[in-house]
$ cat input-v8.cif   # mmCIF, C-alpha atoms
data_entry
#
loop_
_atom_site.label_atom_id
_atom_site.label_comp_id
_atom_site.auth_asym_id
_atom_site.auth_seq_id
_atom_site.Cartn_x
_atom_site.Cartn_y
_atom_site.Cartn_z
CA MET S 34 0.00 0.00 0.00
CA ILE S 35 2.76 2.37 0.95
CA ASN S 36 4.60 1.62 -2.26
CA SER S 37 1.54 2.59 -4.27
CA LEU S 38 2.30 6.15 -3.25
CA THR S 39 5.69 6.14 -4.90
CA GLU S 40 4.21 4.35 -7.88
CA ASN S 41 1.80 7.24 -8.24
CA GLY S 42 4.83 9.40 -8.76
CA MET S 43 4.83 11.06 -5.37
CA PRO S 44 8.42 12.06 -4.73
CA PHE S 45 9.83 10.99 -1.38
CA GLU S 46 13.26 12.48 -1.41
CA PRO S 47 15.48 11.09 1.33
CA THR S 48 17.90 13.92 0.86
CA TYR S 49 18.41 16.13 3.83
CA LYS S 50 20.40 15.43 6.94
CA THR S 51 20.76 18.66 8.85
CA LYS S 52 19.21 22.08 8.92
CA ARG S 53 21.45 24.56 10.71
CA GLY S 54 21.42 23.93 14.46
CA ILE S 55 17.99 22.39 14.55
CA ILE S 56 17.64 18.66 14.87
CA LEU S 57 14.98 17.32 12.52
CA MET S 58 13.79 14.58 14.78
CA ARG S 59 14.61 12.95 18.07
CA ARG S 60 13.71 9.41 19.02
CA LYS S 61 12.83 8.39 22.58
CA GLU S 62 12.25 4.66 22.70
CA HIS S 63 9.49 4.02 20.16
CA LEU S 64 8.40 7.65 19.80
CA LEU S 65 9.76 9.94 17.14
CA TYR S 66 9.45 13.68 17.85
CA ILE S 67 9.64 15.56 14.58
CA SER S 68 10.38 19.28 14.25
CA GLY S 69 7.99 21.67 12.58
CA HIS S 70 8.24 21.21 8.82
CA GLY S 71 7.05 23.69 6.22
CA PRO S 72 6.47 23.26 2.50
CA GLU S 73 10.10 23.91 1.61
CA ASN S 74 12.48 22.35 -0.87
CA GLN S 75 14.62 20.18 1.39
CA ILE S 76 17.80 20.79 -0.56
CA THR S 77 17.66 24.51 -1.29
CA GLY S 78 15.38 25.47 1.61
CA LYS S 79 13.31 27.52 -0.81
CA PRO S 80 9.60 27.65 0.03
CA ILE S 81 7.33 25.76 -2.37
CA TYR S 82 4.38 27.83 -1.18
CA SER S 83 4.54 31.22 0.49
CA GLY S 84 2.00 33.72 1.70
CA ARG S 85 -0.95 33.86 4.05
CA ILE S 86 -4.12 31.88 3.47
CA GLY S 87 -7.00 34.29 2.96
CA LYS S 88 -4.72 36.74 1.18
CA GLU S 89 -2.03 35.45 -1.20
CA LEU S 90 -3.29 31.85 -1.10
CA ASN S 91 -6.73 30.24 -0.95
CA ARG S 92 -7.93 27.28 1.11
CA GLU S 93 -7.23 24.77 -1.65
CA GLU S 94 -3.62 25.95 -1.96
CA GLY S 95 -3.33 25.74 1.81
CA TYR S 96 -4.58 22.15 1.65
CA LEU S 97 -1.88 21.32 -0.92
CA ALA S 98 0.77 23.08 1.17
CA ALA S 99 -0.22 21.00 4.22
CA ARG S 100 -0.08 17.87 2.05
CA GLU S 101 3.40 18.91 0.94
CA CYS S 102 4.45 19.21 4.61
CA GLY S 103 3.20 15.65 5.12
CA ILE S 104 5.17 14.36 2.11
CA ILE S 105 8.33 16.05 3.42
CA ILE S 106 7.80 14.59 6.90
CA LEU S 107 7.26 11.07 5.48
CA GLY S 108 10.39 11.54 3.38
CA ALA S 109 12.40 12.45 6.47
CA VAL S 110 10.97 9.49 8.40
CA LYS S 111 11.72 7.11 5.52
CA ASP S 112 15.26 8.45 5.48
CA ALA S 113 15.64 7.82 9.20
CA LEU S 114 13.86 4.45 9.47
CA GLY S 115 14.70 2.93 6.11
CA SER S 116 11.07 2.10 5.41
CA LEU S 117 7.68 3.65 6.06
CA ASP S 118 6.50 0.16 7.05
CA ARG S 119 8.19 0.83 10.38
CA ILE S 120 5.64 3.49 11.26
CA GLU S 121 3.38 2.08 13.96
CA ARG S 122 1.08 5.07 13.76
CA ILE S 123 0.92 8.82 13.60
CA VAL S 124 0.28 9.88 17.21
CA LYS S 125 -0.18 13.61 17.14
CA ALA S 126 0.11 16.57 14.81
CA PHE S 127 0.28 20.25 15.59
CA GLY S 128 -0.42 22.54 12.65
CA MET S 129 0.18 26.25 12.40
CA VAL S 130 -1.68 27.92 9.57
CA ASN S 131 -0.64 31.38 8.42
CA CYS S 132 -3.94 33.27 8.09
CA ASP S 133 -5.07 36.68 7.02
CA GLY S 134 -8.36 38.56 7.18
CA ASP S 135 -11.25 36.50 8.48
CA PHE S 136 -10.07 33.10 7.23
CA GLN S 137 -11.20 30.43 9.68
CA ASP S 138 -11.32 27.09 7.86
CA LEU S 139 -8.16 25.81 9.51
CA ASP S 140 -9.38 22.20 9.54
CA GLY S 141 -9.92 22.44 5.79
CA VAL S 142 -6.25 23.34 5.36
CA MET S 143 -4.87 20.82 7.85
CA ASP S 144 -6.90 18.04 6.21
CA GLY S 145 -4.24 18.18 3.47
CA PHE S 146 -1.85 16.61 5.97
CA SER S 147 -4.38 14.28 7.62
CA ASP S 148 -5.79 12.96 4.35
CA LEU S 149 -2.28 12.12 3.14
CA MET S 150 -1.55 10.19 6.34
CA THR S 151 -4.72 8.07 6.05
CA GLU S 152 -4.08 7.57 2.33
CA VAL S 153 -0.58 6.25 3.00
CA LEU S 154 -1.01 4.51 6.35
CA GLU S 155 -4.77 3.85 6.45
CA GLU S 156 -5.94 3.29 10.06
CA ARG S 157 -2.41 3.84 11.31
CA GLY S 158 -2.56 7.34 9.94
CA TYR S 159 -5.25 8.46 12.42
CA HIS S 160 -3.87 11.02 14.84
CA ALA S 161 -4.70 13.53 17.57
CA ARG S 162 -4.60 16.99 16.06
CA THR S 163 -4.43 20.65 17.00
CA VAL S 164 -4.63 23.43 14.44
CA MET S 165 -4.14 27.10 15.12
CA GLY S 166 -4.16 30.17 12.94
CA THR S 167 -1.12 32.40 13.20
CA HIS S 168 -0.16 35.56 11.37
CA ASN S 169 3.57 34.97 10.87
CA LEU S 170 5.63 31.94 9.89
CA PRO S 171 9.31 31.72 8.97
CA ASN S 172 11.13 31.52 5.64
CA GLY S 173 9.34 34.17 3.64
CA ASN S 174 5.98 33.57 5.31
CA ILE S 175 5.31 29.91 4.51
CA PRO S 176 1.56 29.14 4.75
CA VAL S 177 1.71 26.06 7.00
CA GLU S 178 4.08 24.44 9.45
CA ILE S 179 3.42 21.04 11.02
CA GLU S 180 5.13 19.23 13.87
CA THR S 181 4.37 15.60 14.67
CA ILE S 182 4.91 12.72 17.05
CA ILE S 183 5.08 9.30 15.39
CA ALA S 184 5.20 5.85 17.02
CA VAL S 185 7.64 3.46 15.33
CA ARG S 186 8.45 -0.27 15.54
CA ASP S 187 11.20 -2.73 14.58
CA CYS S 188 13.71 0.06 14.42
CA ILE S 189 17.33 -0.11 13.49
CA TRP S 190 18.30 3.44 14.28
CA ASN S 191 20.98 4.93 12.11
CA MET T 8 6.47 -6.30 -1.73
CA SER T 9 5.64 -8.78 0.98
CA GLU T 10 4.95 -12.49 0.54
CA ILE T 11 1.25 -12.10 1.27
CA SER T 12 0.72 -9.19 -1.08
CA ASP T 13 2.66 -11.07 -3.80
CA ARG T 14 0.38 -14.07 -3.34
CA MET T 15 -2.73 -11.90 -3.36
CA GLU T 16 -1.57 -10.31 -6.57
CA ARG T 17 -1.09 -13.76 -8.16
CA LEU T 18 -4.58 -14.75 -7.00
CA ASN T 19 -5.92 -11.45 -8.31
CA ILE T 20 -7.43 -10.53 -4.93
CA ILE T 21 -7.77 -6.78 -4.74
CA LEU T 22 -8.77 -5.21 -1.44
CA PRO T 23 -11.23 -2.32 -1.50
CA VAL T 24 -9.75 1.07 -0.74
CA ARG T 25 -11.73 3.16 1.73
CA ASP T 26 -12.12 6.88 1.43
CA ARG T 27 -10.86 8.37 4.70
CA ARG T 28 -10.73 11.98 3.57
CA GLY T 29 -11.52 14.36 6.39
CA GLN T 30 -11.31 11.57 8.98
CA GLY T 31 -7.60 11.60 9.73
CA ALA T 32 -7.92 13.59 12.93
CA VAL T 33 -9.38 11.69 15.89
CA ASP T 34 -10.17 12.96 19.40
CA ALA T 35 -7.44 11.00 21.16
CA VAL T 36 -4.63 8.50 20.58
CA LEU T 37 -3.42 6.11 23.27
CA VAL T 38 0.25 5.07 23.07
CA GLY T 39 1.40 2.90 25.95
CA ASP T 40 0.14 4.68 29.05
CA MET T 41 0.03 8.12 27.46
CA LEU T 42 -3.19 9.52 26.04
CA TYR T 43 -2.65 12.28 23.48
CA LEU T 44 -5.73 14.47 23.22
CA SER T 45 -6.57 16.62 20.21
CA ALA T 46 -7.46 20.25 20.65
CA HIS T 47 -10.90 20.42 22.24
CA LEU T 48 -13.18 23.35 21.48
CA PRO T 49 -15.98 25.07 23.42
CA VAL T 50 -18.73 23.31 21.48
CA ASP T 51 -21.98 21.49 22.33
CA ALA T 52 -22.63 17.76 21.88
CA GLU T 53 -23.33 18.29 18.16
CA GLY T 54 -20.06 20.14 17.66
CA ARG T 55 -21.65 23.58 17.31
CA PRO T 56 -19.63 26.38 18.95
CA ILE T 57 -21.17 27.74 22.15
CA TYR T 58 -18.71 30.62 22.32
CA THR T 59 -17.39 32.50 19.31
CA GLY T 60 -15.26 35.60 18.90
CA LYS T 61 -11.82 36.90 19.72
CA LEU T 62 -10.62 37.74 23.23
CA GLY T 63 -10.08 41.45 23.62
CA LYS T 64 -12.59 42.17 20.88
CA GLU T 65 -15.96 40.37 21.15
CA LEU T 66 -15.19 38.57 24.43
CA ASP T 67 -13.60 39.44 27.78
CA ALA T 68 -11.26 37.26 29.84
CA GLU T 69 -14.08 36.03 32.11
CA THR T 70 -16.07 34.67 29.14
CA GLY T 71 -12.84 33.18 27.81
CA TYR T 72 -12.36 31.48 31.19
CA GLN T 73 -15.80 29.86 30.86
CA ALA T 74 -15.02 28.80 27.29
CA ALA T 75 -11.74 27.17 28.37
CA ARG T 76 -13.64 25.38 31.13
CA LEU T 77 -16.05 24.04 28.50
CA CYS T 78 -13.05 22.82 26.45
CA GLY T 79 -12.01 20.94 29.59
CA MET T 80 -15.49 19.44 30.04
CA ASN T 81 -15.47 18.20 26.45
CA MET T 82 -12.00 16.77 27.00
CA LEU T 83 -13.15 14.91 30.13
CA ALA T 84 -15.97 13.38 28.04
CA THR T 85 -13.40 12.23 25.45
CA ILE T 86 -11.11 10.78 28.13
CA LYS T 87 -14.03 8.88 29.68
CA GLU T 88 -14.99 7.49 26.27
CA TYR T 89 -11.43 6.34 25.57
CA ILE T 90 -10.42 4.79 28.89
CA GLY T 91 -13.82 3.93 30.34
CA GLU T 92 -13.53 5.54 33.74
CA LEU T 93 -11.99 8.85 34.81
CA ASP T 94 -10.48 7.05 37.84
CA ARG T 95 -7.99 5.62 35.36
CA VAL T 96 -6.43 9.06 34.88
CA ASN T 97 -3.09 8.76 36.62
CA TYR T 98 -2.06 12.38 36.15
CA PHE T 99 -2.09 15.21 33.65
CA VAL T 100 1.27 15.78 31.98
CA LYS T 101 0.92 18.83 29.77
CA ALA T 102 -1.63 21.16 28.25
CA LEU T 103 -1.43 23.68 25.45
CA GLY T 104 -4.06 26.39 25.23
CA VAL T 105 -4.50 28.43 22.09
CA VAL T 106 -6.47 31.63 22.64
CA ASN T 107 -8.04 33.49 19.71
CA SER T 108 -6.76 36.96 20.54
CA ALA T 109 -7.26 40.45 19.16
CA GLU T 110 -4.15 42.55 18.73
CA ASP T 111 -3.54 43.90 22.24
CA PHE T 112 -4.99 41.04 24.32
CA CYS T 113 -2.35 39.36 26.47
CA SER T 114 -4.23 37.64 29.32
CA GLN T 115 -4.07 34.21 27.72
CA PRO T 116 -3.11 32.56 31.05
CA ALA T 117 -6.26 34.01 32.73
CA VAL T 118 -8.35 32.38 30.00
CA MET T 119 -6.49 29.08 30.23
CA ASN T 120 -7.07 29.00 34.01
CA GLY T 121 -10.65 27.97 33.17
CA PHE T 122 -9.25 24.65 31.94
CA SER T 123 -6.62 24.21 34.65
CA ASP T 124 -8.99 25.05 37.53
CA LEU T 125 -11.46 22.43 36.28
CA MET T 126 -8.80 19.72 36.18
CA VAL T 127 -7.62 20.53 39.70
CA GLU T 128 -11.25 20.57 40.92
CA VAL T 129 -11.86 17.15 39.40
CA PHE T 130 -8.54 15.36 39.98
CA GLY T 131 -6.87 17.37 42.77
CA LYS T 132 -3.08 17.29 42.60
CA ARG T 133 -3.21 14.72 39.78
CA GLY T 134 -4.95 17.32 37.63
CA GLN T 135 -2.02 19.73 37.82
CA HIS T 136 -0.01 20.00 34.63
CA ALA T 137 2.76 21.75 32.76
CA ARG T 138 1.08 24.37 30.63
CA SER T 139 1.57 26.81 27.81
CA ALA T 140 -0.93 29.41 26.69
CA MET T 141 -0.52 31.36 23.51
CA GLY T 142 -2.48 33.79 21.39
CA ALA T 143 -3.66 32.76 17.94
CA TYR T 144 -4.65 34.93 15.00
CA ALA T 145 -7.51 32.59 14.07
CA LEU T 146 -9.19 29.39 15.25
CA GLN T 147 -11.63 26.99 13.58
CA GLU T 148 -15.14 28.51 13.37
CA ASN T 149 -13.84 31.54 15.29
CA VAL T 150 -14.02 29.80 18.69
CA PRO T 151 -12.23 31.79 21.41
CA VAL T 152 -10.05 28.98 22.77
CA ALA T 153 -8.82 25.46 22.00
CA VAL T 154 -7.00 23.18 24.46
CA GLU T 155 -4.94 20.05 23.79
CA ALA T 156 -3.37 17.84 26.46
CA ILE T 157 -1.22 14.81 27.15
CA ILE T 158 -2.23 12.67 30.12
CA CYS T 159 -0.90 9.54 31.78
CA VAL T 160 -3.37 6.70 32.43
CA ARG T 161 -3.08 3.61 34.65
CA ASP T 162 -4.32 0.01 34.92
#
$ encode --input "input-v8.cif" --output "structure tokens"
Amino acid sequence: MINSLTENGMPFEPTYKTKRGIILMRRKEHLLYISGHGPENQITGKPIYSGRIGKELNREEGYLAARECGIIILGAVKDALGSLDRIERIVKAFGMVNCDGDFQDLDGVMDGFSDLMTEVLEERGYHARTVMGTHNLPNGNIPVEIETIIAVRDCIWN
Amino acid sequence: MSEISDRMERLNIILPVRDRRGQGAVDAVLVGDMLYLSAHLPVDAEGRPIYTGKLGKELDAETGYQAARLCGMNMLATIKEYIGELDRVNYFVKALGVVNSAEDFCSQPAVMNGFSDLMVEVFGKRGQHARSAMGAYALQENVPVAVEAIICVRD
């Protein structure tokens, strides 16, 4: 099932190792704490989407940006674990959505991440979730940033 | 590909794929003895917001306090559903409160006390928790406050 995603041409790029002083993820026993990830090219750091939702971007673009965050996170996890089959489940996600004006459909944006997780991991993709609207995010005002906690199994940690 | 999926492919058995769009977020996830709770909102049993508006604009801190308390009540209902009995709550670990704030409002902790006071009323010392409260620019359906938590359960 997981492989069907790559067959569909979704690019998981196991490319990046470090990002300045920030550690991308930390494992404690079977829990993986993953830093906030935005929709950024993981090699150049250039944002794939930028701007606030409700101003420069609409809800649909926000949804795709959140989906992009999910793809980047899965790529990083695949890089660390060797295989996405080692994901026991997605435990928790915290999403920050860069909003402007009276935009309030935060769930509609964050569903981009959540839908991807259930598409890839099915039941194991279900997670606790918090979404908040903010007015400023880093790197040229990226529209979404998502941090996660993931439970893993059968791990050879490299 | 695994042995089973190879065999299923040979036998031409294709499993149906369910549409889970919009269902990825659940109220709580239990991992070991830790229960991770999603953000709970001040809504009624049907999910309709009881309080709406920004703190410092439409609402004052006292109303925000009541809204945060309602978030806590909804969370207690979720906990009870997940673990059966609230006696199984060992202790609260951590809570994060997000307060929908107008520009100059900075009494987020006073709002979040509505949640924390409830937990201490219900669980005593076990209800105490590490806490952060922060102001948000927007929240779903313009609710004034949302609270997530991590708790430790027993038995």
$ closest_atom_pairs --input "input-v8.cif" --of "chain T" --to "chain S" --cutoff "6 Å" --atoms "all atoms listed in the file" --output "JSON lines"
{"residue": "T:Arg28", "atom": "CA", "partner": "S:Asp148", "partner_atom": "CA", "distance": 5.1}
{"residue": "T:Gly29", "atom": "CA", "partner": "S:Asp144", "partner_atom": "CA", "distance": 5.9}
{"residue": "T:Gly31", "atom": "CA", "partner": "S:Ser147", "partner_atom": "CA", "distance": 4.7}
{"residue": "T:Ala32", "atom": "CA", "partner": "S:His160", "partner_atom": "CA", "distance": 5.2}
{"residue": "T:Val33", "atom": "CA", "partner": "S:Ala161", "partner_atom": "CA", "distance": 5.3}
{"residue": "T:Asp34", "atom": "CA", "partner": "S:Ala161", "partner_atom": "CA", "distance": 5.8}
{"residue": "T:Ala35", "atom": "CA", "partner": "S:Ala161", "partner_atom": "CA", "distance": 5.2}
{"residue": "T:Val36", "atom": "CA", "partner": "S:Ala161", "partner_atom": "CA", "distance": 5.9}
{"residue": "T:Leu44", "atom": "CA", "partner": "S:Ala161", "partner_atom": "CA", "distance": 5.8}
{"residue": "T:Ser45", "atom": "CA", "partner": "S:Ala161", "partner_atom": "CA", "distance": 4.5}
{"residue": "T:Ala46", "atom": "CA", "partner": "S:Thr163", "partner_atom": "CA", "distance": 4.8}
{"residue": "T:Ala143", "atom": "CA", "partner": "S:Thr167", "partner_atom": "CA", "distance": 5.4}
{"residue": "T:Tyr144", "atom": "CA", "partner": "S:Thr167", "partner_atom": "CA", "distance": 4.7}
{"residue": "T:Ala145", "atom": "CA", "partner": "S:Gly166", "partner_atom": "CA", "distance": 4.3}
{"residue": "T:Leu146", "atom": "CA", "partner": "S:Met165", "partner_atom": "CA", "distance": 5.5}
{"residue": "T:Gln147", "atom": "CA", "partner": "S:Gln137", "partner_atom": "CA", "distance": 5.2}
{"residue": "T:Glu148", "atom": "CA", "partner": "S:Gln137", "partner_atom": "CA", "distance": 5.7}
$ residues_around --input "input-v8.cif" --residues "S:Gly173" --least-positions-apart "3" --cutoff "9 Å" --atoms "all atoms listed in the file" --output "list in words"
Lys79, Pro80, Ser83, Gly84 and Leu170 of chain S
$ residues_around --input "input-v8.cif" --residues "S:Ile67" --least-positions-apart "6" --cutoff "10 Å" --atoms "only C-alpha atoms" --output "list in words"
Ile56, Leu57, Met58, Arg59, Arg60, Ile106, Ala109, Val110, Ala126, Ile179, Glu180, Thr181, Ile182 and Ile183 of chain S
$ resolve_selection --input "input-v8.cif" --expression "the PyMOL selection byres ((chain T and resi 89-99) around 7)" --output "ChimeraX atom specification"
/T:85-88,100-101,133-136,157-162
$ resolve_selection --input "input-v8.cif" --expression "the PyMOL selection byres ((chain T and resi 106) around 9)" --output "PDB file with C-alpha atoms, in the frame of the given file"
ATOM      1  CA  LYS T  61     -11.820  36.900  19.720  1.00  0.00           C
ATOM      2  CA  LEU T  62     -10.620  37.740  23.230  1.00  0.00           C
ATOM      3  CA  GLY T  71     -12.840  33.180  27.810  1.00  0.00           C
ATOM      4  CA  ALA T  75     -11.740  27.170  28.370  1.00  0.00           C
ATOM      5  CA  GLY T 104      -4.060  26.390  25.230  1.00  0.00           C
ATOM      6  CA  VAL T 105      -4.500  28.430  22.090  1.00  0.00           C
ATOM      7  CA  ASN T 107      -8.040  33.490  19.710  1.00  0.00           C
ATOM      8  CA  SER T 108      -6.760  36.960  20.540  1.00  0.00           C
ATOM      9  CA  GLN T 115      -4.070  34.210  27.720  1.00  0.00           C
ATOM     10  CA  VAL T 118      -8.350  32.380  30.000  1.00  0.00           C
ATOM     11  CA  MET T 119      -6.490  29.080  30.230  1.00  0.00           C
ATOM     12  CA  ALA T 140      -0.930  29.410  26.690  1.00  0.00           C
ATOM     13  CA  MET T 141      -0.520  31.360  23.510  1.00  0.00           C
ATOM     14  CA  GLY T 142      -2.480  33.790  21.390  1.00  0.00           C
ATOM     15  CA  ALA T 143      -3.660  32.760  17.940  1.00  0.00           C
ATOM     16  CA  TYR T 144      -4.650  34.930  15.000  1.00  0.00           C
ATOM     17  CA  ALA T 145      -7.510  32.590  14.070  1.00  0.00           C
ATOM     18  CA  LEU T 146      -9.190  29.390  15.250  1.00  0.00           C
ATOM     19  CA  VAL T 150     -14.020  29.800  18.690  1.00  0.00           C
ATOM     20  CA  PRO T 151     -12.230  31.790  21.410  1.00  0.00           C
ATOM     21  CA  VAL T 152     -10.050  28.980  22.770  1.00  0.00           C
ATOM     22  CA  ALA T 153      -8.820  25.460  22.000  1.00  0.00           C
ATOM     23  CA  VAL T 154      -7.000  23.180  24.460  1.00  0.00           C
TER      24      VAL T 154
END
$ residues_near_point --input "input-v8.cif" --point "(11.8, 27.5, 2.2)" --cutoff "12 Å" --atoms "only C-alpha atoms" --output "MDAnalysis selection string"
chainID S and resid 52 70:84 98 102 170:178
$ atom_distance --input "input-v8.cif" --atom1 "atom CA of S:Val185" --atom2 "atom CA of S:Lys61"
10.2 Å
$ atom_distance --input "input-v8.cif" --atom1 "atom CA of S:Ile105" --atom2 "atom CA of S:Leu117"
12.7 Å
$ closest_residue --input "input-v8.cif" --among "T:Gly121, T:Pro56, T:Gly79, T:Gly63" --to "T:Ala109" --atoms "only C-alpha atoms"
T:Gly63
$ atom_distance --input "input-v8.cif" --atom1 "atom CA of T:Phe112" --atom2 "atom CA of T:Arg55"
25.1 Å
$ closest_residue --input "input-v8.cif" --among "T:Asn149, T:Ser139, T:Pro116, T:Phe130" --to "T:Thr59" --atoms "only C-alpha atoms"
T:Asn149
$ residues_around --input "input-v8.cif" --residues "S:Arg186" --least-positions-apart "2" --cutoff "7 Å" --atoms "only C-alpha atoms" --output "list in words"
His63, Arg119, Ile120, Glu121 and Cys188 of chain S
$ write_last_selection --input "input-v8.cif" --atoms "C-alpha atoms" --output "mmCIF file, in the frame of the given file"
data_model
loop_
_atom_site.group_PDB
_atom_site.id
_atom_site.type_symbol
_atom_site.label_atom_id
_atom_site.label_comp_id
_atom_site.auth_asym_id
_atom_site.auth_seq_id
_atom_site.Cartn_x
_atom_site.Cartn_y
_atom_site.Cartn_z
ATOM 1 C CA HIS S 63 9.490 4.020 20.160
ATOM 2 C CA ARG S 119 8.190 0.830 10.380
ATOM 3 C CA ILE S 120 5.640 3.490 11.260
ATOM 4 C CA GLU S 121 3.380 2.080 13.960
ATOM 5 C CA CYS S 188 13.710 0.060 14.420
#
$ build_atoms --input "input-v8.cif" --residues "stretch 66-84 of chain T" --atoms "N, CA and C atoms" --output "mmCIF file, in the coordinates of the input"
data_model
loop_
_atom_site.group_PDB
_atom_site.id
_atom_site.type_symbol
_atom_site.label_atom_id
_atom_site.label_comp_id
_atom_site.auth_asym_id
_atom_site.auth_seq_id
_atom_site.Cartn_x
_atom_site.Cartn_y
_atom_site.Cartn_z
ATOM 1 N N LEU T 66 -15.069 39.233 23.132
ATOM 2 C CA LEU T 66 -15.190 38.570 24.430
ATOM 3 C C LEU T 66 -14.185 39.128 25.434
ATOM 4 N N ASP T 67 -14.555 39.065 26.734
ATOM 5 C CA ASP T 67 -13.600 39.440 27.780
ATOM 6 C C ASP T 67 -12.990 38.178 28.400
ATOM 7 N N ALA T 68 -12.010 38.386 29.271
ATOM 8 C CA ALA T 68 -11.260 37.260 29.840
ATOM 9 C C ALA T 68 -12.163 36.320 30.620
ATOM 10 N N GLU T 69 -13.190 36.864 31.299
ATOM 11 C CA GLU T 69 -14.080 36.030 32.110
ATOM 12 C C GLU T 69 -14.874 35.055 31.213
ATOM 13 N N THR T 70 -15.360 35.543 30.079
ATOM 14 C CA THR T 70 -16.070 34.670 29.140
ATOM 15 C C THR T 70 -15.099 33.641 28.570
ATOM 16 N N GLY T 71 -13.872 34.083 28.300
ATOM 17 C CA GLY T 71 -12.840 33.180 27.810
ATOM 18 C C GLY T 71 -12.564 32.068 28.812
ATOM 19 N N TYR T 72 -12.566 32.450 30.109
ATOM 20 C CA TYR T 72 -12.360 31.480 31.190
ATOM 21 C C TYR T 72 -13.428 30.383 31.117
ATOM 22 N N GLN T 73 -14.692 30.817 30.950
ATOM 23 C CA GLN T 73 -15.800 29.860 30.860
ATOM 24 C C GLN T 73 -15.664 28.971 29.621
ATOM 25 N N ALA T 74 -15.211 29.563 28.525
ATOM 26 C CA ALA T 74 -15.020 28.800 27.290
ATOM 27 C C ALA T 74 -13.933 27.748 27.466
ATOM 28 N N ALA T 75 -12.839 28.119 28.138
ATOM 29 C CA ALA T 75 -11.740 27.170 28.370
ATOM 30 C C ALA T 75 -12.204 26.047 29.287
ATOM 31 N N ARG T 76 -13.078 26.396 30.242
ATOM 32 C CA ARG T 76 -13.640 25.380 31.130
ATOM 33 C C ARG T 76 -14.473 24.378 30.322
ATOM 34 N N LEU T 77 -15.234 24.906 29.360
ATOM 35 C CA LEU T 77 -16.050 24.040 28.500
ATOM 36 C C LEU T 77 -15.161 23.126 27.639
ATOM 37 N N CYS T 78 -14.023 23.669 27.165
ATOM 38 C CA CYS T 78 -13.050 22.820 26.450
ATOM 39 C C CYS T 78 -12.647 21.656 27.343
ATOM 40 N N GLY T 79 -12.402 21.957 28.615
ATOM 41 C CA GLY T 79 -12.010 20.940 29.590
ATOM 42 C C GLY T 79 -13.093 19.900 29.789
ATOM 43 N N MET T 80 -14.360 20.362 29.869
ATOM 44 C CA MET T 80 -15.490 19.440 30.040
ATOM 45 C C MET T 80 -15.575 18.480 28.851
ATOM 46 N N ASN T 81 -15.428 19.038 27.646
ATOM 47 C CA ASN T 81 -15.470 18.200 26.450
ATOM 48 C C ASN T 81 -14.316 17.205 26.449
ATOM 49 N N MET T 82 -13.155 17.650 26.943
ATOM 50 C CA MET T 82 -12.000 16.770 27.000
ATOM 51 C C MET T 82 -12.239 15.627 27.994
ATOM 52 N N LEU T 83 -12.846 15.950 29.137
ATOM 53 C CA LEU T 83 -13.150 14.910 30.130
ATOM 54 C C LEU T 83 -14.085 13.860 29.521
ATOM 55 N N ALA T 84 -15.050 14.323 28.707
ATOM 56 C CA ALA T 84 -15.970 13.380 28.040
ATOM 57 C C ALA T 84 -15.183 12.461 27.109
#
